[in-house]
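Right, one structure below, let's go through it.
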Amino acid sequence: MTSGTKKQSTRPQMTRAEQETETEANRLIEQIEAALAAVVMRSVDESDSLEAAADRVERAARDLADGLRELAHERKLVADES
């Protein structure tokens, strides 16, 4: 067994807030990658595509920020209990 495997097996289960935050972070990464693809594509309806990409990135970033705040609150509650 490698040390990486050991570390992974001893890692505690992620909380719901951690899982949601990770999901939102991955979604933001996907939206950024899609926006970058829209930047390099040159099409007739480019401005609409770029506006839509901007909206999706903005929404995903807002969702991630909300998730991070919820996670911070959860961790503060756990720290206060100890």
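The chains in the structure tokens are called A, B, ... from first to last as shown; in each chain the residues are counted from 1, and the ligands are counted from 1 in the order shown.
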
task = Identify all residues of chain A in helix (DSSP H, G or I) (DSSP on the backbone) and supply them as a PyMOL selection string.
result = chain A and resi 3-10+16-40+46-81

request  = Find the residues around Ala65 (chain A) up to 12 Å (only C-alpha atoms counted), leave out those fewer than 3 positions away in its own chain, and share them as a PyMOL selection string.
outcome  = chain A and resi 20-22+24-25+28+58-62+68-72

request  = Could you tell me which of A:Ala53, A:Gln19, A:Arg27, A:Ser82 comes closest to Val39 (chain A) if we count only C-alpha atoms?
outcome  =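 Going through A:Ala53, A:Gln19, A:Arg27, A:Ser82 one by one, the smallest distance to Val39 (chain A) is for A:Ala53.
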
key: Pick from A:Ala38, A:Leu64, A:Leu77, A:Ala52 nearest to Thr23 (chain A), counting only C-alpha atoms   =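 Ranking A:Ala38, A:Leu64, A:Leu77, A:Ala52 by distance to Thr23 (chain A), first place goes to A:Leu64.
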
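From CA of Glu18 (chain A) back to CA of Asp55 (chain A), the distance works out to 24.6 Å.
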
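For the pair CA of Glu74 (chain A) and CA of Pro12 (chain A), the separation is 15.5 Å.
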
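Between CA of Thr10 (chain A) and CA of Asn26 (chain A) lies a distance of 23.5 Å.
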
inquiry  = Just checking: using only C-alpha atoms, which residue out of A:Arg16, A:Arg56, A:Lys76, A:Arg11 ends up closest to Ala35 (chain A)?
reply    =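 Nearest to Ala35 (chain A): A:Arg56.
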